[in-house]
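Everything below concerns the one structure shown next.
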Amino acid sequence: MTDVRALHEWVRAHREEMVDDLGRYTGLETPSTDRLLLEAGLSWLDGWLRARLGEPESVGVTEGGEFGDVRVYDYAGSDATPVLLLCHYDTVWPQGTLDGWPFTVDGDIATGPGVFDMKAGLVQAVWAVRALEAAGLPRPPLRLVLNGDEEIGSPVSRPVIEKSAAGVQAALVFEAAADGAVKTARKGVGIYRVSATGVEAHAGLDPGKGASAVDEIARVVLALHGLTDLAAGTTVNVGVVGGGSRGNVIAGSAWGEVDVRVSSATEAARIEEALAGLTAADPRATVTVEGGWNRPVMERSAGIAALFSRARDLAAEMGVTLRECAVGGASDGNFVAALGVPVLDGFGATGDGAHARHEHVSVSGMVERSALAAAVLTSLA
C-alpha cells in the first residue's frame, strides 16, 4: 500500500521550491492571443520540464498558427497503460498585467495573473512526478499535453488532445478545483449565431412593404430562451443582439449570439433539433443558424465515478476529505471524456478568482493536491 502521508511530507518539505517554480512561471505572461509571449512561455516550460523531470521519451509539436503551439511530452513508466495529464499554459490576462499585479506570496496565499487558472496546476503535476521518483514508487507511462489555446476554446489543440487520449487508461486535468472539489461532470457548450434577413422599407411611408429582421430575431430570442430547462441542466442564452440601420427603416438584417449549456447528450440533441427548426414568421424573411458545439458534454460515467472513488480513498488516507461536483463551465477534459476515457478534472489548485483580480491559490493546497496526484498516479501503475 502506498504511504500517502509520506508523499505528503516529502512534497511539504519542498514547498518553497514549488512556490519558487510557480513564481517564475507566473512571471512569464502568456495571454492566449499573443503569439510571441506564448512562444517565450513555452520555451521556458520546455527547459523547466527537462530540468525537473529529465528527458522525455518523445516530444510532439503542433504549430498553433496565430495561437500557442501544442506540445505533447511522453515519459516512460511501468508496463501499465499510459495516463494522460492535461494542462494549458495560456491565460486570459493581457500583456502588462504583471506591472500592476506581480506574483506575491502572503502566508499561505499566492496571487498573480494565472496562478489559479491554471499555472499552479502544472507545477503540482510536475512535483507529483518528482515525489514518486524520490520515493522510488512506480508510475504509469505519462503523456503530458501543454495547450496554448484553451482559454479561447482549444481550436488548434482539440484534435491533438483527442489523438493523445487514444489508448490511455485515465486522464487527470489540472484545471483549478471548484471550492476545493474535483469536477466529475461538466456541461457541454454550444456557441451559435442566429441571423435574420428581412426586407427594408420606409417605416412611415411604406411599412407594409417591409419585413422586419428585428421582429424575426425578437421571436427567435423568445423561442430560444424557452428551451431553457433548469431541472435538466440546460440553459440557452442570447447574450448579444444587433440589427437594423435607422429608426425609420424596417430592418433588413439582425442577429443574435447564443450560448448553450447542456448536461446530457439527450439535451444536446433536443437543442440541435430546435435550432435546426428555426424559421421566419414572415415568408419574405429568412432565419439562419451558424456555429456548433465548442465542447461536448462530460457526463459522470461509471469510469469517472470509479476514478473519483480511488482519489477520494487515497485522500482519506492523508486525512483529507475529497469532494466532487458538477459545473457549468467546460474544459479540455470534455473532449477526452467524450471518447470514453475516465477523467478527473479540477485536480489542480485550490483557491479562487479564476479570470478575476482576486485570483489566488493556497500553497498548502498545492502541496496537498500534488501529493494526492502522486498517490493516484502510482495506484494506476
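To be explicit about the labels: the chains of the C-alpha cells are called A, B, and onward in the order shown, and within each one the residues are counted from 1, while ligands get numbers from 1 in the order they are shown.
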Taking 3 positions as the minimum chain separation for residues in the same chain, which residues sit within 12 Å of A:Leu22 when counting only C-alpha atoms? Answer as a ChimeraX atom specification. /A:15-19,25-28,45,48,103-105,110-116,118-127,349,360-363,366
Given the selection you just returned, output its residues as a file containing C-alpha atoms, formatted as a PDB file, in the first residue's frame.
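part_21.pdb was written with the following content:
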ATOM      1  CA  ARG A  15       7.141  23.636  -0.561  1.00  0.00           C
ATOM      2  CA  GLU A  16       9.459  26.587  -1.102  1.00  0.00           C
ATOM      3  CA  GLU A  17      10.827  25.108  -4.318  1.00  0.00           C
ATOM      4  CA  MET A  18       7.277  24.646  -5.573  1.00  0.00           C
ATOM      5  CA  VAL A  19       6.463  28.243  -4.763  1.00  0.00           C
ATOM      6  CA  TYR A  25       6.203  30.600 -14.211  1.00  0.00           C
ATOM      7  CA  THR A  26       3.686  33.295 -13.258  1.00  0.00           C
ATOM      8  CA  GLY A  27       6.328  35.916 -14.037  1.00  0.00           C
ATOM      9  CA  LEU A  28       6.013  34.906 -17.704  1.00  0.00           C
ATOM     10  CA  LEU A  45       8.403  25.496 -19.797  1.00  0.00           C
ATOM     11  CA  TRP A  48      11.929  23.705 -16.844  1.00  0.00           C
ATOM     12  CA  PHE A 103       3.336  37.420  -8.198  1.00  0.00           C
ATOM     13  CA  THR A 104       3.082  37.724  -4.416  1.00  0.00           C
ATOM     14  CA  VAL A 105       3.046  35.283  -1.509  1.00  0.00           C
ATOM     15  CA  ALA A 110      -0.078  33.134  -3.566  1.00  0.00           C
ATOM     16  CA  THR A 111      -1.563  35.569  -6.058  1.00  0.00           C
ATOM     17  CA  GLY A 112      -0.813  36.765  -9.562  1.00  0.00           C
ATOM     18  CA  PRO A 113      -2.290  36.575 -13.064  1.00  0.00           C
ATOM     19  CA  GLY A 114      -2.942  32.964 -13.984  1.00  0.00           C
ATOM     20  CA  VAL A 115      -1.890  31.303 -10.726  1.00  0.00           C
ATOM     21  CA  PHE A 116      -5.309  29.691 -10.187  1.00  0.00           C
ATOM     22  CA  MET A 118      -4.024  27.257 -14.186  1.00  0.00           C
ATOM     23  CA  LYS A 119      -0.313  27.724 -13.671  1.00  0.00           C
ATOM     24  CA  ALA A 120      -0.280  26.171 -10.203  1.00  0.00           C
ATOM     25  CA  GLY A 121      -1.863  23.028 -11.658  1.00  0.00           C
ATOM     26  CA  LEU A 122       1.109  22.297 -13.905  1.00  0.00           C
ATOM     27  CA  VAL A 123       3.549  22.936 -11.055  1.00  0.00           C
ATOM     28  CA  GLN A 124       1.600  20.474  -8.913  1.00  0.00           C
ATOM     29  CA  ALA A 125       1.650  17.826 -11.647  1.00  0.00           C
ATOM     30  CA  VAL A 126       5.417  18.089 -12.061  1.00  0.00           C
ATOM     31  CA  TRP A 127       6.090  17.884  -8.346  1.00  0.00           C
ATOM     32  CA  ALA A 349      -5.064  24.339  -7.446  1.00  0.00           C
ATOM     33  CA  HIS A 360      -5.172  33.278  -5.800  1.00  0.00           C
ATOM     34  CA  VAL A 361      -4.137  29.799  -4.680  1.00  0.00           C
ATOM     35  CA  SER A 362      -3.486  28.098  -1.374  1.00  0.00           C
ATOM     36  CA  VAL A 363       0.134  26.992  -1.103  1.00  0.00           C
ATOM     37  CA  MET A 366      -0.825  22.909  -3.770  1.00  0.00           C
TER      38      MET A 366
END
Stretch 136-332 of chain A: residues DSSP assigns to alpha helix (DSSP H), reported as a PyMOL selection string: chain A and resi 157-164+213-225+265-276+302-317
Produce a file of the selected residues containing N, CA and C atoms, as a short mmCIF file (atom, residue, chain, number, x, y, z; two decimals), in the first residue's frame.
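Resulting contents of again13.cif:
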data_model
loop_
_atom_site.label_atom_id
_atom_site.label_comp_id
_atom_site.auth_asym_id
_atom_site.auth_seq_id
_atom_site.Cartn_x
_atom_site.Cartn_y
_atom_site.Cartn_z
N SER A 157 -5.78 22.88 -30.54
CA SER A 157 -5.33 21.77 -29.70
C SER A 157 -6.33 20.62 -29.60
N ARG A 158 -7.58 20.86 -29.92
CA ARG A 158 -8.57 19.79 -29.74
C ARG A 158 -8.18 18.48 -30.43
N PRO A 159 -7.88 18.48 -31.73
CA PRO A 159 -7.50 17.20 -32.35
C PRO A 159 -6.25 16.58 -31.75
N VAL A 160 -5.32 17.42 -31.28
CA VAL A 160 -4.11 16.89 -30.64
C VAL A 160 -4.49 16.20 -29.34
N ILE A 161 -5.35 16.82 -28.57
CA ILE A 161 -5.79 16.24 -27.30
C ILE A 161 -6.51 14.93 -27.54
N GLU A 162 -7.40 14.91 -28.51
CA GLU A 162 -8.16 13.69 -28.79
C GLU A 162 -7.25 12.56 -29.26
N LYS A 163 -6.27 12.89 -30.08
CA LYS A 163 -5.30 11.88 -30.51
C LYS A 163 -4.46 11.39 -29.34
N SER A 164 -4.08 12.31 -28.46
CA SER A 164 -3.26 11.95 -27.30
C SER A 164 -4.01 11.06 -26.32
N ALA A 213 -36.40 42.22 -39.97
CA ALA A 213 -35.47 41.22 -39.44
C ALA A 213 -35.38 41.31 -37.92
N VAL A 214 -35.54 42.52 -37.37
CA VAL A 214 -35.53 42.68 -35.92
C VAL A 214 -36.71 41.94 -35.30
N ASP A 215 -37.88 42.02 -35.94
CA ASP A 215 -39.04 41.29 -35.45
C ASP A 215 -38.76 39.79 -35.43
N GLU A 216 -38.09 39.30 -36.48
CA GLU A 216 -37.78 37.87 -36.55
C GLU A 216 -36.81 37.47 -35.44
N ILE A 217 -35.79 38.28 -35.22
CA ILE A 217 -34.83 37.97 -34.16
C ILE A 217 -35.50 38.01 -32.79
N ALA A 218 -36.42 38.95 -32.60
CA ALA A 218 -37.14 39.02 -31.33
C ALA A 218 -37.91 37.73 -31.08
N ARG A 219 -38.55 37.21 -32.10
CA ARG A 219 -39.28 35.95 -31.97
C ARG A 219 -38.32 34.79 -31.67
N VAL A 220 -37.18 34.82 -32.37
CA VAL A 220 -36.18 33.76 -32.17
C VAL A 220 -35.65 33.78 -30.74
N VAL A 221 -35.37 34.96 -30.22
CA VAL A 221 -34.86 35.07 -28.85
C VAL A 221 -35.84 34.44 -27.86
N LEU A 222 -37.12 34.76 -28.01
CA LEU A 222 -38.12 34.19 -27.10
C LEU A 222 -38.19 32.67 -27.25
N ALA A 223 -38.11 32.19 -28.50
CA ALA A 223 -38.16 30.75 -28.71
C ALA A 223 -36.96 30.06 -28.10
N LEU A 224 -35.77 30.65 -28.28
CA LEU A 224 -34.55 30.04 -27.74
C LEU A 224 -34.54 30.05 -26.22
N HIS A 225 -34.92 31.17 -25.63
CA HIS A 225 -34.95 31.23 -24.17
C HIS A 225 -35.97 30.25 -23.59
N ALA A 265 -26.22 14.26 -23.34
CA ALA A 265 -26.28 14.15 -24.79
C ALA A 265 -27.71 14.24 -25.29
N THR A 266 -28.65 13.76 -24.48
CA THR A 266 -30.06 13.84 -24.85
C THR A 266 -30.51 15.29 -24.99
N GLU A 267 -30.11 16.12 -24.05
CA GLU A 267 -30.46 17.53 -24.13
C GLU A 267 -29.75 18.22 -25.30
N ALA A 268 -28.52 17.81 -25.57
CA ALA A 268 -27.80 18.38 -26.71
C ALA A 268 -28.56 18.10 -28.00
N ALA A 269 -29.07 16.87 -28.13
CA ALA A 269 -29.83 16.52 -29.33
C ALA A 269 -31.12 17.33 -29.42
N ARG A 270 -31.77 17.57 -28.28
CA ARG A 270 -33.00 18.37 -28.28
C ARG A 270 -32.73 19.79 -28.76
N ILE A 271 -31.66 20.38 -28.27
CA ILE A 271 -31.33 21.75 -28.66
C ILE A 271 -30.96 21.81 -30.14
N GLU A 272 -30.21 20.83 -30.61
CA GLU A 272 -29.83 20.80 -32.03
C GLU A 272 -31.08 20.76 -32.92
N GLU A 273 -32.04 19.94 -32.52
CA GLU A 273 -33.27 19.82 -33.31
C GLU A 273 -34.04 21.14 -33.33
N ALA A 274 -34.08 21.81 -32.17
CA ALA A 274 -34.79 23.08 -32.10
C ALA A 274 -34.11 24.15 -32.93
N LEU A 275 -32.80 24.20 -32.90
CA LEU A 275 -32.07 25.18 -33.70
C LEU A 275 -32.27 24.93 -35.19
N ALA A 276 -32.26 23.66 -35.57
CA ALA A 276 -32.44 23.33 -36.99
C ALA A 276 -33.84 23.68 -37.47
N ALA A 302 -19.46 5.64 -15.30
CA ALA A 302 -19.02 4.68 -14.29
C ALA A 302 -17.50 4.75 -14.12
N GLY A 303 -16.79 4.96 -15.23
CA GLY A 303 -15.33 5.07 -15.16
C GLY A 303 -14.89 6.29 -14.38
N ILE A 304 -15.56 7.41 -14.59
CA ILE A 304 -15.23 8.63 -13.86
C ILE A 304 -15.54 8.45 -12.37
N ALA A 305 -16.68 7.81 -12.09
CA ALA A 305 -17.04 7.58 -10.69
C ALA A 305 -16.00 6.70 -9.99
N ALA A 306 -15.51 5.69 -10.70
CA ALA A 306 -14.51 4.79 -10.10
C ALA A 306 -13.18 5.53 -9.88
N LEU A 307 -12.81 6.38 -10.83
CA LEU A 307 -11.57 7.15 -10.68
C LEU A 307 -11.67 8.12 -9.51
N PHE A 308 -12.83 8.74 -9.36
CA PHE A 308 -13.02 9.64 -8.22
C PHE A 308 -12.95 8.86 -6.91
N SER A 309 -13.57 7.69 -6.85
CA SER A 309 -13.55 6.89 -5.63
C SER A 309 -12.11 6.52 -5.23
N ARG A 310 -11.30 6.22 -6.23
CA ARG A 310 -9.89 5.91 -5.98
C ARG A 310 -9.19 7.12 -5.34
N ALA A 311 -9.40 8.30 -5.94
CA ALA A 311 -8.77 9.52 -5.42
C ALA A 311 -9.32 9.87 -4.03
N ARG A 312 -10.62 9.70 -3.83
CA ARG A 312 -11.22 10.02 -2.53
C ARG A 312 -10.66 9.14 -1.43
N ASP A 313 -10.50 7.85 -1.72
CA ASP A 313 -9.98 6.93 -0.70
C ASP A 313 -8.52 7.24 -0.37
N LEU A 314 -7.74 7.60 -1.39
CA LEU A 314 -6.34 7.96 -1.14
C LEU A 314 -6.24 9.27 -0.35
N ALA A 315 -7.14 10.21 -0.65
CA ALA A 315 -7.16 11.47 0.10
C ALA A 315 -7.49 11.21 1.56
N ALA A 316 -8.39 10.28 1.80
CA ALA A 316 -8.78 9.95 3.17
C ALA A 316 -7.59 9.41 3.96
N GLU A 317 -6.70 8.66 3.30
CA GLU A 317 -5.50 8.17 3.97
C GLU A 317 -4.58 9.31 4.39
#
Close residues, stretch 236-250 of chain A itself excluded, 8 Å, only C-alpha atoms, min 4 positions apart in chain, as a ChimeraX atom specification
/A:199-204,207,210-214,221,224-225,227-228,254-261
Please dump the current selection as a short mmCIF file (atom, residue, chain, number, x, y, z; two decimals), in the first residue's frame; keep N, CA, C and O atoms.
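Result file follows (selection.cif):
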data_model
loop_
_atom_site.label_atom_id
_atom_site.label_comp_id
_atom_site.auth_asym_id
_atom_site.auth_seq_id
_atom_site.Cartn_x
_atom_site.Cartn_y
_atom_site.Cartn_z
N VAL A 199 -36.76 42.54 -45.31
CA VAL A 199 -36.92 43.43 -46.46
C VAL A 199 -37.01 44.86 -45.94
O VAL A 199 -37.89 45.17 -45.13
N GLU A 200 -36.09 45.70 -46.37
CA GLU A 200 -36.10 47.09 -45.90
C GLU A 200 -37.22 47.90 -46.57
O GLU A 200 -37.56 47.67 -47.73
N ALA A 201 -37.76 48.83 -45.81
CA ALA A 201 -38.78 49.74 -46.31
C ALA A 201 -38.84 50.94 -45.39
O ALA A 201 -38.35 50.90 -44.25
N HIS A 202 -39.46 52.02 -45.84
CA HIS A 202 -39.63 53.21 -45.01
C HIS A 202 -40.65 52.89 -43.92
O HIS A 202 -41.77 52.45 -44.21
N ALA A 203 -40.26 53.12 -42.67
CA ALA A 203 -41.13 52.74 -41.56
C ALA A 203 -42.40 53.58 -41.50
O ALA A 203 -43.40 53.15 -40.91
N GLY A 204 -42.39 54.79 -42.09
CA GLY A 204 -43.58 55.64 -42.04
C GLY A 204 -44.39 55.62 -43.31
O GLY A 204 -45.62 55.52 -43.29
N PRO A 207 -44.62 50.94 -44.59
CA PRO A 207 -44.32 49.88 -43.64
C PRO A 207 -44.78 48.50 -44.11
O PRO A 207 -44.15 47.49 -43.80
N GLY A 210 -42.26 46.27 -46.00
CA GLY A 210 -41.09 45.75 -45.31
C GLY A 210 -41.35 44.46 -44.56
O GLY A 210 -42.51 44.13 -44.23
N ALA A 211 -40.31 43.72 -44.32
CA ALA A 211 -40.35 42.53 -43.47
C ALA A 211 -39.22 42.67 -42.46
O ALA A 211 -38.04 42.62 -42.84
N SER A 212 -39.56 42.91 -41.21
CA SER A 212 -38.56 43.28 -40.22
C SER A 212 -37.71 42.11 -39.74
O SER A 212 -38.22 41.14 -39.16
N ALA A 213 -36.40 42.22 -39.97
CA ALA A 213 -35.47 41.22 -39.44
C ALA A 213 -35.38 41.31 -37.92
O ALA A 213 -35.17 40.30 -37.24
N VAL A 214 -35.54 42.52 -37.37
CA VAL A 214 -35.53 42.68 -35.92
C VAL A 214 -36.71 41.94 -35.30
O VAL A 214 -36.58 41.30 -34.25
N VAL A 221 -35.37 34.96 -30.22
CA VAL A 221 -34.86 35.07 -28.85
C VAL A 221 -35.84 34.44 -27.86
O VAL A 221 -35.45 33.66 -26.98
N LEU A 224 -35.77 30.65 -28.28
CA LEU A 224 -34.55 30.04 -27.74
C LEU A 224 -34.54 30.05 -26.22
O LEU A 224 -34.19 29.06 -25.58
N HIS A 225 -34.92 31.17 -25.63
CA HIS A 225 -34.95 31.23 -24.17
C HIS A 225 -35.97 30.25 -23.59
O HIS A 225 -35.80 29.75 -22.47
N LEU A 227 -36.31 27.32 -24.51
CA LEU A 227 -35.70 25.98 -24.49
C LEU A 227 -34.97 25.68 -23.18
O LEU A 227 -34.63 24.53 -22.91
N THR A 228 -34.70 26.71 -22.40
CA THR A 228 -34.02 26.51 -21.11
C THR A 228 -34.82 25.57 -20.23
O THR A 228 -36.03 25.71 -20.08
N ALA A 254 -30.62 41.40 -38.91
CA ALA A 254 -30.48 41.37 -37.45
C ALA A 254 -29.83 40.06 -37.06
O ALA A 254 -29.83 39.10 -37.84
N TRP A 255 -29.24 40.01 -35.86
CA TRP A 255 -28.53 38.80 -35.44
C TRP A 255 -28.50 38.70 -33.92
O TRP A 255 -28.74 39.68 -33.21
N GLY A 256 -28.19 37.53 -33.46
CA GLY A 256 -28.04 37.29 -32.02
C GLY A 256 -26.97 36.25 -31.77
O GLY A 256 -26.82 35.30 -32.56
N GLU A 257 -26.18 36.42 -30.70
CA GLU A 257 -25.17 35.45 -30.30
C GLU A 257 -25.72 34.59 -29.17
O GLU A 257 -26.23 35.11 -28.17
N VAL A 258 -25.60 33.28 -29.32
CA VAL A 258 -26.28 32.34 -28.44
C VAL A 258 -25.28 31.45 -27.72
O VAL A 258 -24.37 30.88 -28.33
N ASP A 259 -25.44 31.33 -26.41
CA ASP A 259 -24.65 30.42 -25.58
C ASP A 259 -25.56 29.31 -25.09
O ASP A 259 -26.63 29.58 -24.51
N VAL A 260 -25.17 28.06 -25.30
CA VAL A 260 -25.96 26.90 -24.88
C VAL A 260 -25.13 26.05 -23.93
O VAL A 260 -23.95 25.79 -24.19
N ARG A 261 -25.73 25.62 -22.82
CA ARG A 261 -25.07 24.71 -21.88
C ARG A 261 -26.02 23.53 -21.62
O ARG A 261 -27.20 23.73 -21.31
#
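Of the residues under consideration (A:Pro141, A:Pro56, A:Pro102, A:Pro31), A:Pro102 shows the shortest atom-to-atom contact distance to A:Glu359 when counting only C-alpha atoms.
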